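What follows is the content of coords.cif, which has mmCIF, C-alpha atoms and all ligand atoms:
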data_model
loop_
_atom_site.label_atom_id
_atom_site.label_comp_id
_atom_site.auth_asym_id
_atom_site.auth_seq_id
_atom_site.Cartn_x
_atom_site.Cartn_y
_atom_site.Cartn_z
CA MET X 2 -10.36 8.82 2.18
CA SER X 3 -10.05 6.73 5.32
CA GLU X 4 -9.47 8.30 8.73
CA ALA X 5 -6.13 6.51 8.92
CA MET X 6 -4.90 8.15 5.73
CA LEU X 7 -5.66 11.59 7.08
CA GLU X 8 -3.37 10.87 10.01
CA ARG X 9 -0.49 9.73 7.85
CA ARG X 10 0.98 11.62 4.90
CA LEU X 11 2.12 9.40 2.08
CA LEU X 12 5.89 9.24 1.58
CA VAL X 13 7.54 8.47 -1.76
CA ALA X 14 11.19 7.65 -1.08
CA GLY X 15 13.76 6.97 -3.80
CA ASN X 16 16.63 4.70 -2.83
CA TRP X 17 19.29 5.29 -5.46
CA LYS X 18 21.41 2.39 -4.13
CA MET X 19 24.92 2.41 -5.71
CA HIS X 20 23.93 4.53 -8.68
CA GLY X 21 24.58 8.12 -9.64
CA SER X 22 27.26 10.65 -10.51
CA LYS X 23 27.68 14.40 -10.12
CA ILE X 24 25.95 14.94 -13.47
CA PHE X 25 23.14 12.57 -12.52
CA VAL X 26 22.55 14.59 -9.34
CA GLN X 27 22.51 17.88 -11.26
CA GLU X 28 20.04 16.59 -13.82
CA MET X 29 17.77 14.91 -11.29
CA MET X 30 17.68 17.91 -8.95
CA ALA X 31 17.00 20.27 -11.87
CA ALA X 32 14.11 18.05 -13.00
CA LEU X 33 12.64 17.77 -9.49
CA GLN X 34 12.99 21.55 -9.00
CA THR X 35 10.73 21.97 -12.02
CA GLU X 36 8.35 19.11 -11.47
CA LEU X 37 7.71 18.84 -7.74
CA PRO X 38 4.92 21.19 -6.68
CA ALA X 39 6.00 23.78 -4.12
CA ALA X 40 3.26 22.72 -1.70
CA MET X 41 2.53 19.02 -1.41
CA ALA X 42 0.13 16.99 0.72
CA TYR X 43 2.62 14.10 0.68
CA ASP X 44 6.36 13.77 1.30
CA VAL X 45 9.11 12.95 -1.17
CA ALA X 46 12.65 11.90 -0.26
CA VAL X 47 15.75 10.67 -2.04
CA PHE X 48 18.55 8.51 -0.66
CA PRO X 49 21.76 9.00 -2.68
CA THR X 50 25.13 7.42 -1.87
CA TYR X 51 27.21 9.06 0.86
CA ILE X 52 29.39 10.89 -1.63
CA HIS X 53 26.45 12.46 -3.45
CA LEU X 54 24.63 13.62 -0.32
CA TYR X 55 26.29 17.01 -0.21
CA ASP X 56 25.47 17.83 -3.82
CA VAL X 57 21.86 16.73 -3.38
CA ILE X 58 21.47 18.82 -0.22
CA GLN X 59 22.92 21.85 -2.01
CA GLN X 60 20.83 21.49 -5.15
CA LYS X 61 17.53 19.99 -4.01
CA PRO X 62 14.19 21.79 -3.95
CA ALA X 63 13.33 22.83 -0.38
CA GLN X 64 10.35 20.47 -0.17
CA LEU X 65 12.44 17.39 -1.07
CA LEU X 66 13.80 15.43 1.89
CA CYS X 67 17.21 13.80 1.70
CA GLY X 68 18.64 10.80 3.51
CA ALA X 69 21.59 8.44 3.59
CA GLN X 70 21.37 4.73 2.80
CA ASN X 71 23.23 3.62 5.90
CA LEU X 72 25.04 4.87 9.01
CA SER X 73 27.42 3.51 11.61
CA GLU X 74 26.09 1.96 14.79
CA HIS X 75 29.03 3.65 16.57
CA ASP X 76 29.54 7.21 17.73
CA ASP X 77 32.34 9.20 16.12
CA GLY X 78 35.72 7.54 16.61
CA ALA X 79 38.22 5.04 15.24
CA VAL X 80 35.88 3.26 12.83
CA THR X 81 37.59 3.44 9.43
CA GLY X 82 35.31 3.71 6.44
CA GLU X 83 32.11 4.40 8.35
CA VAL X 84 29.91 7.49 8.65
CA SER X 85 28.26 8.50 11.91
CA ALA X 86 24.76 9.79 12.59
CA ALA X 87 26.28 13.05 13.87
CA MET X 88 28.03 13.56 10.51
CA LEU X 89 24.85 12.96 8.54
CA ALA X 90 22.92 15.36 10.74
CA ASP X 91 25.71 17.94 10.46
CA LEU X 92 25.60 17.69 6.65
CA GLY X 93 21.86 18.40 6.65
CA CYS X 94 20.33 14.96 6.15
CA ASP X 95 16.73 14.50 7.25
CA MET X 96 16.51 10.72 7.17
CA VAL X 97 18.52 7.50 6.91
CA LEU X 98 17.72 3.96 5.79
CA VAL X 99 18.51 1.23 8.29
CA GLY X 100 18.50 -2.49 7.71
CA HIS X 101 17.95 -2.56 3.97
CA SER X 102 17.89 -6.20 2.89
CA GLU X 103 20.93 -5.66 0.67
CA ARG X 104 22.87 -4.70 3.79
CA ARG X 105 21.37 -7.48 5.86
CA VAL X 106 22.31 -10.06 3.19
CA MET X 107 25.51 -8.71 1.58
CA HIS X 108 26.99 -7.14 4.74
CA ARG X 109 25.50 -9.59 7.23
CA GLU X 110 23.86 -6.89 9.32
CA SER X 111 22.05 -8.52 12.22
CA ASN X 112 18.78 -7.40 13.76
CA GLU X 113 20.80 -6.21 16.76
CA GLU X 114 23.14 -4.03 14.66
CA VAL X 115 20.18 -2.59 12.80
CA ALA X 116 18.59 -1.71 16.14
CA LEU X 117 21.77 0.12 17.23
CA LYS X 118 21.77 2.06 13.96
CA PHE X 119 18.13 3.00 14.44
CA ARG X 120 18.94 4.32 17.91
CA GLN X 121 21.90 6.34 16.59
CA ALA X 122 19.63 7.98 14.04
CA ILE X 123 17.02 8.92 16.64
CA GLN X 124 19.67 10.30 18.98
CA HIS X 125 20.77 12.68 16.21
CA GLN X 126 17.31 13.78 15.09
CA LEU X 127 17.46 11.82 11.84
CA THR X 128 14.31 9.94 10.82
CA PRO X 129 15.29 6.28 10.40
CA VAL X 130 13.49 4.24 7.76
CA LEU X 131 13.60 0.70 9.13
CA CYS X 132 13.52 -1.81 6.27
CA VAL X 133 12.12 -5.27 6.95
CA GLY X 134 11.08 -8.16 4.77
CA GLU X 135 11.22 -11.89 4.23
CA SER X 136 13.07 -13.90 1.59
CA LEU X 137 11.27 -16.15 -0.90
CA VAL X 138 12.20 -19.26 1.09
CA GLU X 139 10.89 -17.70 4.28
CA ARG X 140 7.61 -16.74 2.56
CA GLN X 141 7.19 -20.18 1.04
CA SER X 142 7.72 -21.83 4.40
CA GLY X 143 5.09 -19.63 6.03
CA GLN X 144 7.54 -17.56 8.08
CA ALA X 145 6.95 -14.11 6.57
CA PHE X 146 5.12 -12.67 9.57
CA ASP X 147 7.59 -14.09 12.09
CA VAL X 148 10.65 -12.82 10.20
CA VAL X 149 9.24 -9.33 9.77
CA TRP X 150 8.13 -9.10 13.39
CA ALA X 151 11.51 -10.33 14.68
CA GLN X 152 13.19 -7.56 12.64
CA ILE X 153 10.89 -4.91 14.11
CA ASN X 154 10.90 -6.37 17.60
CA ALA X 155 14.70 -6.19 17.83
CA VAL X 156 14.46 -2.42 17.35
CA LEU X 157 11.46 -2.13 19.63
CA GLY X 158 13.33 -4.02 22.35
CA LEU X 159 16.22 -1.55 22.21
CA VAL X 160 14.45 1.79 21.76
CA GLY X 161 10.83 1.24 22.87
CA MET X 162 7.60 2.24 21.23
CA GLU X 163 7.93 6.04 21.53
CA GLN X 164 11.21 6.08 19.63
CA LEU X 165 10.07 3.49 17.10
CA ALA X 166 7.24 5.88 16.33
CA GLN X 167 9.77 8.59 15.41
CA GLY X 168 10.87 6.46 12.49
CA VAL X 169 9.21 5.06 9.39
CA LEU X 170 8.84 1.35 8.58
CA ALA X 171 9.37 -0.06 5.10
CA TYR X 172 8.15 -3.53 4.22
CA GLU X 173 10.29 -4.79 1.35
CA PRO X 174 9.80 -8.47 0.55
CA VAL X 175 13.24 -9.55 -0.66
CA TRP X 176 11.74 -11.59 -3.49
CA ALA X 177 10.17 -8.45 -4.97
CA ILE X 178 13.28 -6.25 -4.90
CA GLY X 179 14.74 -5.56 -8.32
CA THR X 180 13.02 -8.62 -9.72
CA GLY X 181 10.13 -6.93 -11.49
CA GLU X 182 7.90 -9.16 -9.39
CA THR X 183 5.76 -6.92 -7.20
CA ALA X 184 3.82 -8.12 -4.22
CA THR X 185 0.16 -7.73 -5.07
CA ALA X 186 -1.57 -4.92 -3.26
CA GLU X 187 -3.34 -7.58 -1.18
CA GLN X 188 -0.08 -9.32 -0.27
CA ALA X 189 1.44 -5.99 0.79
CA GLN X 190 -1.65 -5.00 2.75
CA GLU X 191 -1.70 -8.34 4.55
CA VAL X 192 1.79 -7.82 5.97
CA HIS X 193 1.31 -4.09 6.62
CA GLN X 194 -1.89 -4.84 8.50
CA TYR X 195 -0.13 -7.54 10.48
CA ILE X 196 2.66 -5.12 11.47
CA ARG X 197 0.16 -2.46 12.48
CA SER X 198 -1.94 -4.87 14.50
CA GLN X 199 1.15 -6.12 16.36
CA LEU X 200 2.07 -2.52 17.18
CA ALA X 201 -1.54 -1.72 18.13
CA ALA X 202 -1.42 -4.44 20.76
CA ILE X 203 1.31 -2.35 22.42
CA ASP X 204 0.05 1.18 21.70
CA ASP X 205 -2.93 1.78 19.48
CA THR X 206 -2.37 5.51 19.01
CA ILE X 207 1.21 5.06 17.87
CA ALA X 208 0.26 2.13 15.64
CA ARG X 209 -2.26 4.31 13.83
CA ARG X 210 0.27 7.10 13.40
CA ILE X 211 3.35 5.23 12.16
CA ARG X 212 4.00 5.14 8.42
CA ILE X 213 4.64 1.81 6.73
CA LEU X 214 6.03 2.03 3.19
CA TYR X 215 5.98 -0.76 0.63
CA GLY X 216 9.11 -1.48 -1.43
CA GLY X 217 9.83 -3.95 -4.23
CA SER X 218 9.37 -3.23 -7.94
CA CYS X 219 7.04 -0.32 -7.21
CA LYS X 220 6.47 1.87 -10.27
CA GLY X 221 4.09 4.38 -11.77
CA SER X 222 1.78 1.67 -13.06
CA ASN X 223 1.23 -0.08 -9.70
CA ALA X 224 1.79 2.73 -7.18
CA PHE X 225 -1.83 3.86 -7.07
CA GLU X 226 -3.15 0.40 -6.26
CA LEU X 227 -0.47 -0.25 -3.65
CA PHE X 228 -0.76 3.15 -1.97
CA SER X 229 -4.57 2.83 -1.92
CA MET X 230 -4.33 0.01 0.56
CA PRO X 231 -5.39 1.17 4.02
CA ASP X 232 -2.12 0.28 5.72
CA VAL X 233 0.30 1.24 2.91
CA ASP X 234 1.60 4.77 3.40
CA GLY X 235 3.79 5.19 0.34
CA GLY X 236 6.73 3.46 -1.24
CA LEU X 237 10.47 2.90 -1.05
CA ILE X 238 11.48 2.90 -4.68
CA GLY X 239 14.67 1.47 -6.18
CA GLY X 240 14.92 1.20 -9.97
CA ALA X 241 12.04 3.55 -10.70
CA SER X 242 13.68 6.35 -8.69
CA LEU X 243 16.57 6.59 -11.14
CA THR X 244 14.86 8.72 -13.77
CA ALA X 245 12.87 11.84 -12.99
CA GLN X 246 10.12 10.63 -15.32
CA ASP X 247 9.64 7.28 -13.57
CA PHE X 248 9.95 8.81 -10.11
CA MET X 249 7.51 11.61 -10.87
CA ALA X 250 5.04 9.06 -12.25
CA ILE X 251 4.93 7.53 -8.77
CA CYS X 252 4.76 10.97 -7.10
CA HIS X 253 1.75 11.81 -9.27
CA GLN X 254 -0.09 8.77 -7.93
CA ALA X 255 0.71 9.84 -4.36
CA ASP X 256 -0.52 13.32 -5.24
CA LYS X 257 -3.83 11.97 -6.56
CA LEU X 258 -4.37 9.87 -3.45
CA SER X 259 -3.41 12.67 -1.09
CA GLN X 260 -6.02 14.84 -2.70
CA GLY X 261 -8.59 12.10 -2.34
CA VAL X 262 -8.95 11.57 -6.12
P1 LIG X 301 13.27 -1.94 -6.64
O1 LIG X 301 12.21 -0.86 -6.66
O2 LIG X 301 14.33 -1.74 -7.67
O3 LIG X 301 12.66 -3.30 -6.64
O4 LIG X 301 14.04 -1.79 -5.23
C1 LIG X 301 13.31 -1.72 -4.07
C2 LIG X 301 14.22 -1.37 -2.97
O5 LIG X 301 15.05 -2.15 -2.55
C3 LIG X 301 14.14 -0.01 -2.40
O6 LIG X 301 14.88 0.11 -1.24
#

For the structure just supplied, provide its representation as structure tokens.
Amino acid sequence: MSEAMLERRLLVAGNWKMHGSKIFVQEMMAALQTELPAAMAYDVAVFPTYIHLYDVIQQKPAQLLCGAQNLSEHDDGAVTGEVSAAMLADLGCDMVLVGHSERRVMHRESNEEVALKFRQAIQHQLTPVLCVGESLVERQSGQAFDVVWAQINAVLGLVGMEQLAQGVLAYEPVWAIGTGETATAEQAQEVHQYIRSQLAAIDDTIARRIRILYGGSCKGSNAFELFSMPDVDGGLIGGASLTAQDFMAICHQADKLSQGV
């Protein structure tokens, strides 16, 4: 196992997106209660919809982390339909996704808004998972690195390196999300390495410590190869987080790697 991997625990994070029901939560939590080992050398988290957060927090195994998929960039107040960082922390959330590409595209979230959300999360002791990634057009026109760095740099500009380091990064190439088309392990590593080298130019210690997840059609059959890459520290999983069997298949790969198998 590389020195870098010893510094960074793998994280397997399931983004349920707009899926689930009360029964789904019950069944999934019962399955994870049985299947997740009590002591793990890696981290596992799920991100249900807002309305299922409470049930997950009540029913989850202690070692499972729980996060929201979004939060408001505002403090509490007259912001109809939004949920604040303080509310998520009060409910017992550990983490929160910020800047998922579906929110950037469908809800036109700008880099600046995403940065404000990241800061809200940090201010309320939630671990933000900052999602970044280029579209197919951007990749084909050679802009992948620039797009990803602009997304990270907007957050860095607002909160600085110390606070960025309190979060997790997730590289999710938009062309690989929900398409069944996974970035190859080499393609993922190339971008992860780029991100880490950019951060290292600012602070080498922090760059070596920060976790960078890969997301986009990650599943049990490709997780080992992806997570084996030196700069890939786990995965943000969409479709394959929706059954306990598929999700556990990915967790098993993280388990193997964490134990140096
Ligand atoms: P899929 O795993 O379904 O491609 O989704 C990835 C994702 O967007 C996770 O946030």

- Query: In terms of the shortest atom-to-atom distance over all atoms listed in the file, which of X:Gln199, X:Gln59, X:Ser136, X:Gln121 is closest to Met162 (chain X)?
  - Reply: X:Gln199

Give the residues close to ligand LIG 301 (chain X), within 7 Å, counting all atoms listed in the file; write them as a PDB file with C-alpha atoms, in the frame of the given file.
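Full text of pocket_28.pdb as output:
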ATOM      1  CA  ASN X  16      16.630   4.700  -2.830  1.00  0.00           C
ATOM      2  CA  HIS X 101      17.950  -2.560   3.970  1.00  0.00           C
ATOM      3  CA  GLU X 173      10.290  -4.790   1.350  1.00  0.00           C
ATOM      4  CA  ALA X 177      10.170  -8.450  -4.970  1.00  0.00           C
ATOM      5  CA  ILE X 178      13.280  -6.250  -4.900  1.00  0.00           C
ATOM      6  CA  GLY X 179      14.740  -5.560  -8.320  1.00  0.00           C
ATOM      7  CA  THR X 180      13.020  -8.620  -9.720  1.00  0.00           C
ATOM      8  CA  GLY X 181      10.130  -6.930 -11.490  1.00  0.00           C
ATOM      9  CA  GLY X 216       9.110  -1.480  -1.430  1.00  0.00           C
ATOM     10  CA  GLY X 217       9.830  -3.950  -4.230  1.00  0.00           C
ATOM     11  CA  SER X 218       9.370  -3.230  -7.940  1.00  0.00           C
ATOM     12  CA  CYS X 219       7.040  -0.320  -7.210  1.00  0.00           C
ATOM     13  CA  LEU X 237      10.470   2.900  -1.050  1.00  0.00           C
ATOM     14  CA  ILE X 238      11.480   2.900  -4.680  1.00  0.00           C
ATOM     15  CA  GLY X 239      14.670   1.470  -6.180  1.00  0.00           C
ATOM     16  CA  GLY X 240      14.920   1.200  -9.970  1.00  0.00           C
ATOM     17  CA  ALA X 241      12.040   3.550 -10.700  1.00  0.00           C
TER      18      ALA X 241
END

- Message: Here is a test: counting only C-alpha atoms, which residue of X:Ala208, X:Leu243, X:Gly261, X:Leu66 is nearest to His193 (chain X)?
- Response: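 Using only C-alpha atoms, His193 (chain X) sits closest to X:Ala208.
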
- Task: Could you check which of X:Val160, X:Ala46, X:Met41, X:Leu98 is closest to Ala69 (chain X), using only C-alpha atoms?
- Result: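 The shortest atom-to-atom distance to Ala69 (chain X) comes from X:Leu98.
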
Which residues are near Phe25 (chain X)? Cut-off 10 Å, only C-alpha atoms, ignore same chain within fewer than 5 positions. Put them as a PDB file with C-alpha atoms, in the coordinates of the input.
ATOM      1  CA  HIS X  20      23.930   4.530  -8.680  1.00  0.00           C
ATOM      2  CA  MET X  30      17.680  17.910  -8.950  1.00  0.00           C
ATOM      3  CA  ALA X  31      17.000  20.270 -11.870  1.00  0.00           C
ATOM      4  CA  HIS X  53      26.450  12.460  -3.450  1.00  0.00           C
ATOM      5  CA  LEU X 243      16.570   6.590 -11.140  1.00  0.00           C
ATOM      6  CA  THR X 244      14.860   8.720 -13.770  1.00  0.00           C
TER       7      THR X 244
END

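Rounded to one decimal, CA of Glu139 (chain X) and CA of Leu12 (chain X) lie 27.5 Å from each other.
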
- Please write as a ChimeraX atom specification the list of polymer residues whose atoms come within 10 Å of (22.7, 15.0, 7.8), counting only C-alpha atoms and keeping to the coordinates of the file. /X:54-55,58,67-69,85-97,122,125-127

- Query: Could you name the residues that touch Gln164 (chain X) at 10 Å or less, counting only C-alpha atoms, but leaving out those on the same chain fewer than 6 positions away, as a list in words?
  - Reply: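 Residues near the query, excluding close chain neighbours: Phe119, Arg120, Ile123, Gln124, Val156 and Leu157 of chain X.
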
- Sphere at (-0.6, -4.6, -10.1), radius 10 Å, counting only C-alpha atoms: residues as an MDAnalysis selection string: chainID X and resid 182:187 219:220 222:227

With C-alpha atoms retained, export the selected residues as an mmCIF file, in the frame of the given file.
data_model
loop_
_atom_site.group_PDB
_atom_site.id
_atom_site.type_symbol
_atom_site.label_atom_id
_atom_site.label_comp_id
_atom_site.auth_asym_id
_atom_site.auth_seq_id
_atom_site.Cartn_x
_atom_site.Cartn_y
_atom_site.Cartn_z
ATOM 1 C CA GLU X 182 7.900 -9.160 -9.390
ATOM 2 C CA THR X 183 5.760 -6.920 -7.200
ATOM 3 C CA ALA X 184 3.820 -8.120 -4.220
ATOM 4 C CA THR X 185 0.160 -7.730 -5.070
ATOM 5 C CA ALA X 186 -1.570 -4.920 -3.260
ATOM 6 C CA GLU X 187 -3.340 -7.580 -1.180
ATOM 7 C CA CYS X 219 7.040 -0.320 -7.210
ATOM 8 C CA LYS X 220 6.470 1.870 -10.270
ATOM 9 C CA SER X 222 1.780 1.670 -13.060
ATOM 10 C CA ASN X 223 1.230 -0.080 -9.700
ATOM 11 C CA ALA X 224 1.790 2.730 -7.180
ATOM 12 C CA PHE X 225 -1.830 3.860 -7.070
ATOM 13 C CA GLU X 226 -3.150 0.400 -6.260
ATOM 14 C CA LEU X 227 -0.470 -0.250 -3.650
#

- So which residues touch Ala255 (chain X) within 10 Å, counting all atoms listed in the file, skipping near sequence neighbours fewer than 3 positions away, as a ChimeraX atom specification? /X:10-13,41-45,221,224-225,228-229,234-236,249-252,258-262

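Here CA of Asp247 (chain X) is placed at a distance of 21.2 Å from CA of Met230 (chain X).
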
- Item | Within 12 Å of Ala40 (chain X) using all atoms listed in the file, minus same-chain residues under 5 positions, as a count of residues only | 6

- Find, counting all atoms listed in the file, the residue in X:Ala79, X:Leu117, X:Leu72, X:Ile24 that gets nearest to Val57 (chain X). X:Ile24

As AutoDock Vina command-line options, please report the centre and edge lengths, rounded to one decimal in Å, of the axis-aligned box that holds all listed atoms of region 87-104 of chain X with 3 Å of padding on each of the six sides.
--center_x 22.3 --center_y 6.1 --center_z 7.3 --size_x 17.5 --size_y 30.6 --size_z 19.2

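Each of X:Glu135, X:Ala245, X:Tyr172, X:Pro129 was checked against Gln27 (chain X) using only C-alpha atoms; the smallest atom-to-atom distance is that of X:Ala245.
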
- Could you jot down the CA of Gly158 (chain X) to CA of Pro49 (chain X) separation for me, Å, one decimal place?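 Taking CA of Gly158 (chain X) and CA of Pro49 (chain X), their separation equals 29.4 Å.
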
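Among the candidates X:Thr206, X:Trp150, X:Gln246, X:Gly143, the residue lying nearest to Glu28 (chain X) is X:Gln246 (atoms considered: only C-alpha atoms).
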